[in-house]
$ cat start07.cif   # mmCIF, C-alpha atoms
data_query
#
loop_
_atom_site.label_atom_id
_atom_site.label_comp_id
_atom_site.auth_asym_id
_atom_site.auth_seq_id
_atom_site.Cartn_x
_atom_site.Cartn_y
_atom_site.Cartn_z
CA MET A 1 196.86 107.01 89.59
CA LYS A 2 196.01 110.53 88.52
CA SER A 3 196.44 113.68 90.58
CA TRP A 4 194.35 116.82 90.33
CA LEU A 5 197.64 118.71 90.66
CA PRO A 6 199.36 119.32 87.30
CA ILE A 7 202.60 117.30 87.23
CA ALA A 8 204.99 117.29 84.27
CA ALA A 9 205.39 113.85 82.71
CA GLU A 10 209.17 114.06 83.07
CA SER A 11 209.05 115.07 86.73
CA ASP A 12 211.09 112.95 89.13
CA PHE A 13 208.48 113.62 91.78
CA SER A 14 205.43 111.86 90.38
CA ILE A 15 202.37 110.75 92.33
CA TYR A 16 204.08 107.34 92.57
CA ASN A 17 207.14 108.76 94.35
CA LEU A 18 206.39 111.20 97.20
CA PRO A 19 209.84 111.38 98.83
CA PHE A 20 210.43 113.00 102.21
CA GLY A 21 212.80 115.89 102.92
CA ILE A 22 213.56 118.86 105.17
CA TYR A 23 212.87 122.36 103.87
CA SER A 24 212.60 125.94 105.07
CA GLN A 25 211.19 129.14 103.61
CA LYS A 26 213.06 132.46 103.61
CA GLY A 27 215.22 131.56 106.59
CA GLY A 28 212.27 130.29 108.62
CA LYS A 29 211.99 127.14 110.67
CA LYS A 30 212.71 123.77 109.14
CA HIS A 31 209.84 121.41 108.45
CA VAL A 32 209.26 117.95 107.01
CA GLY A 33 207.84 117.99 103.48
CA ILE A 34 206.97 115.72 100.59
CA ALA A 35 207.93 116.52 97.00
CA ILE A 36 205.23 116.36 94.30
CA GLY A 37 205.93 117.77 90.85
CA ASP A 38 207.42 121.23 91.37
CA LYS A 39 205.75 121.63 94.78
CA VAL A 40 206.46 120.76 98.40
CA VAL A 41 203.60 119.45 100.54
CA ASN A 42 203.64 121.11 103.97
CA LEU A 43 203.11 118.10 106.26
CA PHE A 44 203.07 120.28 109.37
CA GLY A 45 200.17 122.22 107.87
CA LEU A 46 198.36 119.02 106.89
CA SER A 47 198.61 117.75 110.44
CA GLU A 48 197.51 121.08 111.95
CA ASN A 49 194.45 120.95 109.67
CA GLN A 50 193.61 117.37 110.70
CA MET A 51 194.44 115.90 107.28
CA LEU A 52 197.02 113.57 108.85
CA ASP A 53 196.72 111.62 112.10
CA VAL A 54 200.35 112.11 113.14
CA ALA A 55 201.06 114.90 115.64
CA SER A 56 202.31 118.05 113.94
CA ALA A 57 205.38 118.15 116.24
CA PHE A 58 206.91 115.30 114.23
CA PHE A 59 206.84 117.52 111.14
CA ALA A 60 208.36 120.60 112.85
CA GLN A 61 211.82 119.04 112.96
CA ASP A 62 215.30 119.86 111.70
CA TYR A 63 215.76 116.26 110.57
CA LEU A 64 213.62 113.27 109.58
CA ASN A 65 214.99 111.06 112.37
CA ASP A 66 212.09 111.40 114.83
CA PHE A 67 209.53 110.86 112.09
CA ILE A 68 211.38 107.80 110.74
CA ARG A 69 211.63 106.39 114.26
CA LEU A 70 207.82 106.16 114.39
CA GLY A 71 208.20 103.05 112.24
CA LYS A 72 207.26 101.99 108.75
CA ASN A 73 203.62 101.37 109.64
CA VAL A 74 203.31 105.10 110.35
CA THR A 75 205.58 106.49 107.63
CA ARG A 76 203.95 104.29 104.97
CA LYS A 77 200.51 105.46 106.04
CA VAL A 78 201.54 109.14 105.90
CA ARG A 79 202.83 108.66 102.36
CA LEU A 80 199.65 106.85 101.29
CA ASP A 81 197.44 109.46 102.99
CA VAL A 82 199.21 112.25 101.09
CA GLN A 83 198.89 110.24 97.89
CA ARG A 84 195.15 109.97 98.49
CA LEU A 85 194.88 113.70 99.26
CA LEU A 86 196.59 114.47 95.96
CA CYS A 87 194.27 112.19 93.97
CA GLU A 88 190.76 112.65 95.40
CA GLU A 89 188.77 115.27 93.54
CA ASP A 90 187.14 116.57 96.73
CA SER A 91 190.38 116.52 98.70
CA PRO A 92 190.65 119.12 101.50
CA LEU A 93 194.22 119.70 100.33
CA ARG A 94 192.90 120.94 97.01
CA ALA A 95 190.97 123.58 98.93
CA SER A 96 194.14 124.62 100.82
CA PRO A 97 196.63 125.68 98.12
CA GLU A 98 198.77 127.46 100.72
CA LEU A 99 199.92 124.01 101.87
CA LEU A 100 201.54 123.41 98.47
CA ILE A 101 204.74 125.47 98.22
CA ASP A 102 206.78 126.08 95.09
CA GLN A 103 210.07 124.21 95.29
CA SER A 104 211.74 127.31 93.88
CA GLU A 105 210.78 129.17 97.08
CA VAL A 106 212.30 126.73 99.59
CA GLN A 107 215.76 125.89 100.79
CA MET A 108 216.49 122.19 101.18
CA HIS A 109 218.55 120.83 104.08
CA LEU A 110 220.37 117.66 105.07
CA PRO A 111 217.48 115.19 105.46
CA VAL A 112 218.74 113.21 108.47
CA ARG A 113 221.03 113.65 111.44
CA ILE A 114 223.73 111.17 110.44
CA GLY A 115 225.16 109.37 113.44
CA ASP A 116 227.45 107.02 111.55
CA TYR A 117 228.46 106.55 107.94
CA THR A 118 229.75 103.44 106.18
CA ASP A 119 231.02 103.33 102.61
CA PHE A 120 231.03 100.04 100.73
CA TYR A 121 232.99 98.92 97.66
CA SER A 122 230.38 96.80 95.91
CA SER A 123 230.66 97.33 92.14
CA ILE A 124 232.64 94.52 90.54
CA GLU A 125 233.33 96.67 87.47
CA HIS A 126 234.74 99.50 89.59
CA ALA A 127 236.82 97.18 91.78
CA THR A 128 238.16 95.41 88.69
CA ASN A 129 239.05 98.66 86.92
CA VAL A 130 240.94 99.95 89.95
CA GLY A 131 242.70 96.60 90.32
CA VAL A 132 243.74 96.60 86.66
CA MET A 133 245.13 100.13 86.97
CA PHE A 134 247.13 99.64 90.13
CA ARG A 135 247.80 95.88 90.37
CA ASP A 136 248.28 92.84 88.17
CA PRO A 137 245.37 92.77 85.66
CA GLU A 138 245.23 89.00 86.04
CA HIS A 139 244.52 89.44 89.75
CA ALA A 140 242.54 92.68 89.71
CA LEU A 141 240.18 91.62 92.50
CA LEU A 142 241.68 90.89 95.90
CA PRO A 143 241.01 87.37 97.25
CA ASN A 144 238.34 88.51 99.72
CA TRP A 145 236.28 90.63 97.32
CA LYS A 146 233.75 88.00 96.19
CA HIS A 147 233.36 86.68 99.72
CA ILE A 148 232.48 89.85 101.67
CA PRO A 149 230.92 93.25 100.96
CA VAL A 150 234.09 95.26 101.57
CA GLY A 151 233.52 98.54 103.41
CA TYR A 152 235.03 101.11 105.76
CA HIS A 153 233.74 103.48 108.42
CA GLY A 154 233.72 107.06 107.10
CA ARG A 155 233.27 110.54 108.53
CA ALA A 156 229.65 111.63 109.04
CA SER A 157 230.27 115.28 109.99
CA SER A 158 231.41 116.32 106.51
CA ILE A 159 228.40 114.92 104.61
CA MET A 160 226.69 117.95 103.09
CA VAL A 161 223.37 118.47 101.32
CA SER A 162 223.34 119.22 97.60
CA GLY A 163 224.41 122.76 96.76
CA VAL A 164 227.03 123.20 99.48
CA PRO A 165 230.44 123.81 97.81
CA ILE A 166 233.46 121.70 98.75
CA HIS A 167 236.98 123.09 99.06
CA ARG A 168 239.82 121.22 97.38
CA PRO A 169 241.51 119.23 100.15
CA MET A 170 245.13 119.47 101.19
CA GLY A 171 247.26 116.68 102.58
CA GLN A 172 250.36 114.59 102.01
CA VAL A 173 251.06 113.49 98.45
CA LEU A 174 254.01 111.67 96.95
CA PRO A 175 255.20 113.41 93.75
CA LYS A 176 256.16 111.25 90.79
CA ASP A 177 259.60 109.64 91.22
CA ALA A 178 259.92 111.12 94.74
CA THR A 179 260.73 109.14 97.87
CA GLU A 180 259.41 111.70 100.39
CA PRO A 181 255.92 113.20 100.55
CA VAL A 182 255.05 116.90 100.39
CA PHE A 183 252.12 118.82 101.84
CA ALA A 184 250.02 120.18 98.97
CA ALA A 185 246.55 120.65 97.56
CA SER A 186 245.26 117.54 95.87
CA SER A 187 245.62 117.67 92.08
CA ARG A 188 243.43 114.58 91.62
CA VAL A 189 240.04 115.46 93.10
CA ASP A 190 237.46 112.98 91.86
CA PHE A 191 233.76 112.28 92.16
CA GLU A 192 232.32 108.88 92.97
CA LEU A 193 228.84 108.07 91.68
CA GLU A 194 227.08 106.30 94.55
CA MET A 195 223.70 105.80 96.14
CA GLY A 196 223.13 106.01 99.87
CA TYR A 197 220.53 104.34 102.02
CA ILE A 198 219.25 105.52 105.37
CA ILE A 199 218.74 103.23 108.34
CA GLY A 200 215.15 103.38 109.56
CA LYS A 201 215.19 101.18 112.63
CA ASP A 202 217.51 100.83 115.64
CA THR A 203 219.30 97.67 116.68
CA SER A 204 221.02 96.97 119.99
CA LEU A 205 224.66 96.09 120.46
CA GLY A 206 224.99 92.38 119.78
CA ASP A 207 222.00 92.16 117.40
CA ARG A 208 222.29 90.84 113.87
CA VAL A 209 220.12 91.82 110.90
CA SER A 210 219.53 88.98 108.42
CA THR A 211 219.29 89.44 104.67
CA ALA A 212 215.64 88.40 104.91
CA GLU A 213 214.73 91.27 107.25
CA ALA A 214 217.31 93.84 106.14
CA GLU A 215 214.99 95.98 103.99
CA GLU A 216 212.69 96.57 106.97
CA TYR A 217 215.67 98.40 108.46
CA ILE A 218 216.11 100.64 105.40
CA PHE A 219 213.89 103.72 105.21
CA GLY A 220 214.90 105.01 101.79
CA LYS A 221 217.60 106.05 99.37
CA VAL A 222 219.44 109.17 98.18
CA LEU A 223 222.01 110.05 95.55
CA PHE A 224 225.51 110.20 97.02
CA ASN A 225 228.71 111.78 95.70
CA ASP A 226 231.62 110.47 97.75
CA TRP A 227 234.29 113.00 96.81
CA SER A 228 237.80 111.59 96.70
CA ALA A 229 241.38 112.88 96.49
CA ARG A 230 243.17 110.15 94.58
CA ASP A 231 246.75 111.36 95.13
CA ILE A 232 246.27 111.72 98.90
CA GLN A 233 244.56 108.33 98.93
CA LYS A 234 247.39 106.61 97.05
CA TRP A 235 249.92 107.69 99.67
CA GLU A 236 247.86 107.08 102.81
CA TYR A 237 245.67 104.05 102.17
CA VAL A 238 248.25 101.38 103.09
CA PRO A 239 247.74 99.77 105.57
CA LEU A 240 244.40 101.05 106.93
CA GLY A 241 242.56 102.50 103.94
CA PRO A 242 241.11 105.93 103.07
CA PHE A 243 241.35 108.77 105.57
CA LEU A 244 242.01 112.39 104.51
CA ALA A 245 241.34 111.41 100.91
CA LYS A 246 237.67 110.89 101.78
CA ASN A 247 236.73 112.77 104.93
CA PHE A 248 236.90 116.29 103.41
CA GLY A 249 233.36 116.00 102.05
CA SER A 250 230.53 113.94 100.61
CA SER A 251 227.34 115.31 99.01
CA VAL A 252 223.80 113.89 99.21
CA SER A 253 220.53 114.70 97.47
CA PRO A 254 217.89 116.28 99.74
CA TRP A 255 214.86 114.08 98.97
CA VAL A 256 214.71 110.57 100.47
CA VAL A 257 212.93 108.14 98.14
CA THR A 258 211.21 105.42 100.17
CA MET A 259 211.70 101.71 99.62
CA GLU A 260 207.95 101.48 98.96
CA ALA A 261 208.27 103.84 95.98
CA LEU A 262 211.12 101.74 94.57
CA GLU A 263 209.25 98.43 94.83
CA PRO A 264 208.17 98.28 91.13
CA PHE A 265 211.78 98.55 89.96
CA ARG A 266 213.24 95.44 91.52
CA VAL A 267 215.52 93.34 89.31
CA ALA A 268 217.89 90.44 89.78
CA GLY A 269 221.48 91.37 90.50
CA PRO A 270 224.62 89.99 88.86
CA LYS A 271 225.14 86.28 89.42
CA GLN A 272 227.42 85.68 92.39
CA GLU A 273 229.40 82.71 91.14
CA THR A 274 231.53 82.38 94.25
CA LYS A 275 229.32 80.72 96.88
CA VAL A 276 228.77 83.08 99.79
CA LEU A 277 228.56 82.06 103.43
CA PRO A 278 225.01 81.31 104.65
CA TYR A 279 224.49 84.65 106.43
CA LEU A 280 225.01 86.46 103.09
CA GLU A 281 222.58 84.34 101.08
CA ALA A 282 219.67 86.44 99.81
CA THR A 283 216.64 85.27 97.85
CA GLY A 284 214.47 87.22 95.41
CA ASP A 285 215.22 90.30 93.35
CA ARG A 286 217.33 92.56 95.56
CA ASN A 287 218.73 95.05 93.02
CA PHE A 288 216.92 98.08 91.60
CA ASP A 289 216.83 99.40 88.06
CA ILE A 290 217.79 103.04 88.69
CA GLN A 291 219.30 104.98 85.82
CA LEU A 292 222.11 107.32 86.84
CA GLU A 293 224.12 110.05 85.18
CA VAL A 294 226.98 112.40 86.05
CA ALA A 295 227.54 115.82 84.46
CA ILE A 296 230.42 118.27 84.82
CA SER A 297 229.86 122.01 84.38
CA PRO A 298 233.10 124.00 84.04
CA GLU A 299 232.71 127.43 85.61
CA GLY A 300 230.96 129.72 83.12
CA SER A 301 230.26 126.88 80.68
CA GLU A 302 227.41 124.48 79.97
CA GLU A 303 227.33 121.05 81.52
CA GLN A 304 228.43 117.88 79.81
CA VAL A 305 227.22 114.41 80.77
CA VAL A 306 230.31 112.25 81.26
CA SER A 307 228.80 109.02 82.62
CA ARG A 308 225.57 107.04 82.41
CA SER A 309 225.34 104.05 84.72
CA ASN A 310 222.72 102.02 86.62
CA PHE A 311 222.34 100.90 90.22
CA LYS A 312 221.29 97.44 89.00
CA HIS A 313 224.93 96.61 88.27
CA MET A 314 225.88 96.36 91.97
CA TYR A 315 227.42 92.98 92.79
CA TRP A 316 226.63 93.17 96.52
CA ASN A 317 223.08 94.33 97.33
CA MET A 318 221.89 96.43 100.27
CA ALA A 319 220.54 93.44 102.20
CA GLN A 320 223.90 91.71 102.03
CA GLN A 321 225.72 94.88 103.02
CA LEU A 322 223.57 95.40 106.10
CA ALA A 323 223.71 91.72 107.09
CA HIS A 324 227.50 91.80 106.88
CA HIS A 325 227.70 95.13 108.73
CA THR A 326 225.79 93.71 111.72
CA VAL A 327 226.87 90.05 111.74
CA ASN A 328 229.48 90.82 114.41
CA GLY A 329 226.87 92.55 116.61
CA CYS A 330 227.56 96.12 115.47
CA ASP A 331 224.51 98.23 116.28
CA VAL A 332 222.91 100.60 113.74
CA HIS A 333 220.60 103.52 114.42
CA VAL A 334 217.96 105.63 112.69
CA GLY A 335 219.66 108.13 110.40
CA ASP A 336 222.86 106.15 109.86
CA MET A 337 224.02 106.43 106.25
CA MET A 338 225.31 103.54 104.17
CA ALA A 339 226.78 104.26 100.73
CA SER A 340 227.01 101.75 97.92
CA GLY A 341 230.52 102.46 96.72
CA THR A 342 231.23 103.71 93.20
CA ILE A 343 228.62 102.46 90.72
CA SER A 344 230.35 101.55 87.46
CA GLY A 345 228.70 99.77 84.57
CA PRO A 346 230.28 97.31 82.12
CA THR A 347 231.15 99.86 79.41
CA PRO A 348 233.58 102.82 79.54
CA ASP A 349 230.77 105.39 79.26
CA ALA A 350 229.19 103.89 82.41
CA TYR A 351 232.18 104.24 84.71
CA GLY A 352 231.36 106.06 87.95
CA SER A 353 234.53 108.07 88.60
CA MET A 354 237.01 110.25 86.72
CA LEU A 355 239.73 107.81 87.77
CA GLU A 356 238.10 105.28 85.45
CA LEU A 357 236.60 107.58 82.81
CA ALA A 358 239.98 109.24 82.13
CA TRP A 359 241.85 106.06 83.08
CA ALA A 360 244.09 107.61 85.76
CA GLY A 361 244.56 110.70 83.60
CA THR A 362 245.86 108.91 80.50
CA LYS A 363 242.63 109.39 78.50
CA PRO A 364 241.43 112.93 79.26
CA LEU A 365 237.83 113.92 78.56
CA GLU A 366 237.16 116.90 76.31
CA MET A 367 234.59 119.41 77.54
CA ARG A 368 232.23 121.47 75.38
CA ASP A 369 234.30 124.60 76.00
CA GLY A 370 237.41 122.95 74.54
CA THR A 371 239.13 122.25 77.85
CA VAL A 372 240.02 118.74 78.98
CA ARG A 373 239.52 116.95 82.27
CA ARG A 374 241.69 114.29 83.83
CA PHE A 375 240.19 115.03 87.24
CA VAL A 376 237.85 117.68 88.66
CA GLU A 377 239.16 121.25 88.39
CA ASP A 378 238.51 124.27 90.62
CA GLY A 379 235.22 125.91 89.66
CA ASP A 380 233.76 122.70 88.23
CA THR A 381 230.28 121.73 89.37
CA VAL A 382 229.53 118.01 89.42
CA THR A 383 225.85 117.04 89.20
CA MET A 384 224.43 113.56 89.61
CA ARG A 385 220.88 112.56 88.71
CA GLY A 386 218.93 109.34 89.01
CA TYR A 387 215.49 107.96 88.22
CA ALA A 388 213.60 104.71 87.68
CA ASP A 389 211.03 104.43 84.90
CA LYS A 390 208.81 101.47 84.04
CA ASP A 391 205.42 101.16 82.35
CA GLY A 392 204.79 104.88 82.60
CA VAL A 393 205.70 105.06 86.29
CA ARG A 394 208.62 107.40 87.01
CA VAL A 395 210.30 107.71 90.40
CA GLY A 396 213.29 110.02 90.56
CA PHE A 397 215.76 111.39 93.07
CA GLY A 398 216.23 114.92 91.77
CA GLU A 399 219.91 115.71 91.84
CA VAL A 400 222.97 116.15 94.01
CA SER A 401 225.22 118.95 92.89
CA ALA A 402 228.29 120.67 94.34
CA GLN A 403 231.09 122.90 93.13
CA ILE A 404 234.78 122.39 93.88
CA LEU A 405 236.35 125.58 95.27
CA PRO A 406 240.10 126.29 95.53
CA ALA A 407 241.94 124.93 98.54
CA LYS A 408 241.99 127.08 101.67
CA VAL A 409 245.61 128.09 102.23
CA TYR A 410 246.49 129.21 105.77
#

$ encode --input "start07.cif" --output "structure tokens"
Amino acid sequence: MKSWLPIAAESDFSIYNLPFGIYSQKGGKKHVGIAIGDKVVNLFGLSENQMLDVASAFFAQDYLNDFIRLGKNVTRKVRLDVQRLLCEEDSPLRASPELLIDQSEVQMHLPVRIGDYTDFYSSIEHATNVGVMFRDPEHALLPNWKHIPVGYHGRASSIMVSGVPIHRPMGQVLPKDATEPVFAASSRVDFELEMGYIIGKDTSLGDRVSTAEAEEYIFGKVLFNDWSARDIQKWEYVPLGPFLAKNFGSSVSPWVVTMEALEPFRVAGPKQETKVLPYLEATGDRNFDIQLEVAISPEGSEEQVVSRSNFKHMYWNMAQQLAHHTVNGCDVHVGDMMASGTISGPTPDAYGSMLELAWAGTKPLEMRDGTVRRFVEDGDTVTMRGYADKDGVRVGFGEVSAQILPAKVY
């Protein structure tokens, strides 16, 4: 395909992508838009000018939820209609340049109203690394890990859109060689390189979603930084898992890349040698070849890429995660967020967290400004990027970026 709109070859937002998001201009009302190159397509304006056959009210929303709830038959058609409008030489959109807004002139917002959030733990490399660090290396994976997509229910209210800074959390930590905890700011704030997917279809309490139908319940994907406080986590996680170590903040990218746009990048996942129970069996290529990177920018200094990984490494795929999530009858709803868990690759430069990259602080990373990092410091900005590229077709996610600010002391 070729658009009449100039689009840089390296743009994440090619004519093959067309992700959805929520934007506003100069403090004005929020609207639904589509990203193309360095522009935002004003879908409300397209509808008002009869270029789309969806009522304009669905595009004058604070979140994508109501639009997503129209169903994939509608959302797919809107994306294809916009694609056509951007390709046809005599397109009415070409004659209405005011409906194409510079991305530099808009503010992006959280794309969906997130009702519930679940975080999985689905990278075998990450789970193995953590097990080697904190348990017997010969038994790094717990006995259940290859049988179920392990996950936990997280806090939805503290998920923020890219650009919103996060304060260093405070909580109980157990100092080295101590027997009693102290209340203090975390000294081990970490990022976790993840991808999130957004539920696009409601179920009712008691319903199950099979692996065969799971992707019809997934609207699209975002980049996801699941911030973590490792010292708080170490003290609190037994017996019920993460709590304050995770709920202080997570960051998501603003543009939601649809499953349709990701279709050309399907690949087979890692071989699951342990036979799974029938409800977790999934046929076909269910992983996606999405290149990912993480960069750290110390305050006042240039960024340094510290990790390059790929979503294709995930041991448990999205269909299996959703099938497991609902096999007990748990209902899911439009806008719910599911996160992959830390995405680590097989080599040390592909690890998806500082815990692994600096190996629990024993192998610090040197920054360009001469400082070292065992974990994320105050003033650091962590930026994650991701894109898929095959046969000249590029589909990217933009970035999710956030700065760590000092702890609030009361």

$ atom_distance --input "start07.cif" --atom1 "CA of Pro143 (chain A)" --atom2 "CA of Ala127 (chain A)"
12.0 Å

$ closest_residue --input "start07.cif" --among "A:Asn129, A:Ser250, A:His167, A:Gly370" --to "Pro348 (chain A)" --atoms "all atoms listed in the file"
A:Asn129

$ atom_distance --input "start07.cif" --atom1 "CA of Phe20 (chain A)" --atom2 "CA of Ala156 (chain A)"
20.4 Å

$ residues_near_point --input "start07.cif" --point "(216.3, 106.7, 101.4)" --cutoff "12 Å" --atoms "all atoms listed in the file" --output "ChimeraX atom specification"
/A:17-21,64-65,68,111-112,195-200,215,217-224,252-262,318,334-339,396-397

$ atom_distance --input "start07.cif" --atom1 "CA of Lys408 (chain A)" --atom2 "CA of Gly361 (chain A)"
24.5 Å

$ closest_residue --input "start07.cif" --among "A:Thr362, A:Asp38, A:Glu356, A:Ser24" --to "Glu10 (chain A)" --atoms "only C-alpha atoms"
A:Asp38

$ residues_near_point --input "start07.cif" --point "(208.9, 123.1, 107.0)" --cutoff "8 Å" --atoms "all atoms listed in the file" --output "mmCIF file with C-alpha atoms, in the frame of the given file"
data_model
loop_
_atom_site.group_PDB
_atom_site.id
_atom_site.type_symbol
_atom_site.label_atom_id
_atom_site.label_comp_id
_atom_site.auth_asym_id
_atom_site.auth_seq_id
_atom_site.Cartn_x
_atom_site.Cartn_y
_atom_site.Cartn_z
ATOM 1 C CA ILE A 22 213.560 118.860 105.170
ATOM 2 C CA TYR A 23 212.870 122.360 103.870
ATOM 3 C CA SER A 24 212.600 125.940 105.070
ATOM 4 C CA GLN A 25 211.190 129.140 103.610
ATOM 5 C CA LYS A 29 211.990 127.140 110.670
ATOM 6 C CA LYS A 30 212.710 123.770 109.140
ATOM 7 C CA HIS A 31 209.840 121.410 108.450
ATOM 8 C CA VAL A 32 209.260 117.950 107.010
ATOM 9 C CA GLY A 33 207.840 117.990 103.480
ATOM 10 C CA ASN A 42 203.640 121.110 103.970
ATOM 11 C CA LEU A 43 203.110 118.100 106.260
ATOM 12 C CA PHE A 44 203.070 120.280 109.370
ATOM 13 C CA PHE A 59 206.840 117.520 111.140
ATOM 14 C CA ALA A 60 208.360 120.600 112.850
ATOM 15 C CA GLN A 61 211.820 119.040 112.960
#

$ closest_residue --input "start07.cif" --among "A:Val130, A:Val150, A:Ala184, A:Val327" --to "Gly352 (chain A)" --atoms "all atoms listed in the file"
A:Val130

$ residues_around --input "start07.cif" --residues "Tyr152 (chain A)" --least-positions-apart "6" --cutoff "10 Å" --atoms "all atoms listed in the file" --output "list in words"
Tyr117, Thr118, Asp119, Phe120, Tyr121, Leu240, Gly241, Pro242, Phe243 and His325 of chain A

$ resolve_selection --input "start07.cif" --expression "the PyMOL selection byres ((chain A and resi 141) around 12)" --output "PyMOL selection string"
chain A and resi 121-140+142-147+150

$ resolve_selection --input "start07.cif" --expression "the PyMOL selection byres ((chain A and resi 288) around 10)" --output "ChimeraX atom specification"
/A:262-269,285-287,289-291,310-314,317,388

$ closest_residue --input "start07.cif" --among "A:Lys201, A:Phe375, A:Asp389, A:Glu399" --to "Asn73 (chain A)" --atoms "all atoms listed in the file"
A:Lys201

$ resolve_selection --input "start07.cif" --expression "the PyMOL selection byres ((chain A and resi 96) around 12)" --output "list of chain:residue names"
A:Val41, A:Asn42, A:Gly45, A:Leu46, A:Asn49, A:Met51, A:Leu85, A:Leu86, A:Asp90, A:Ser91, A:Pro92, A:Leu93, A:Arg94, A:Ala95, A:Pro97, A:Glu98, A:Leu99, A:Leu100, A:Ile101

$ closest_residue --input "start07.cif" --among "A:Trp235, A:Ser210, A:Gln321, A:Arg368" --to "Thr179 (chain A)" --atoms "only C-alpha atoms"
A:Trp235
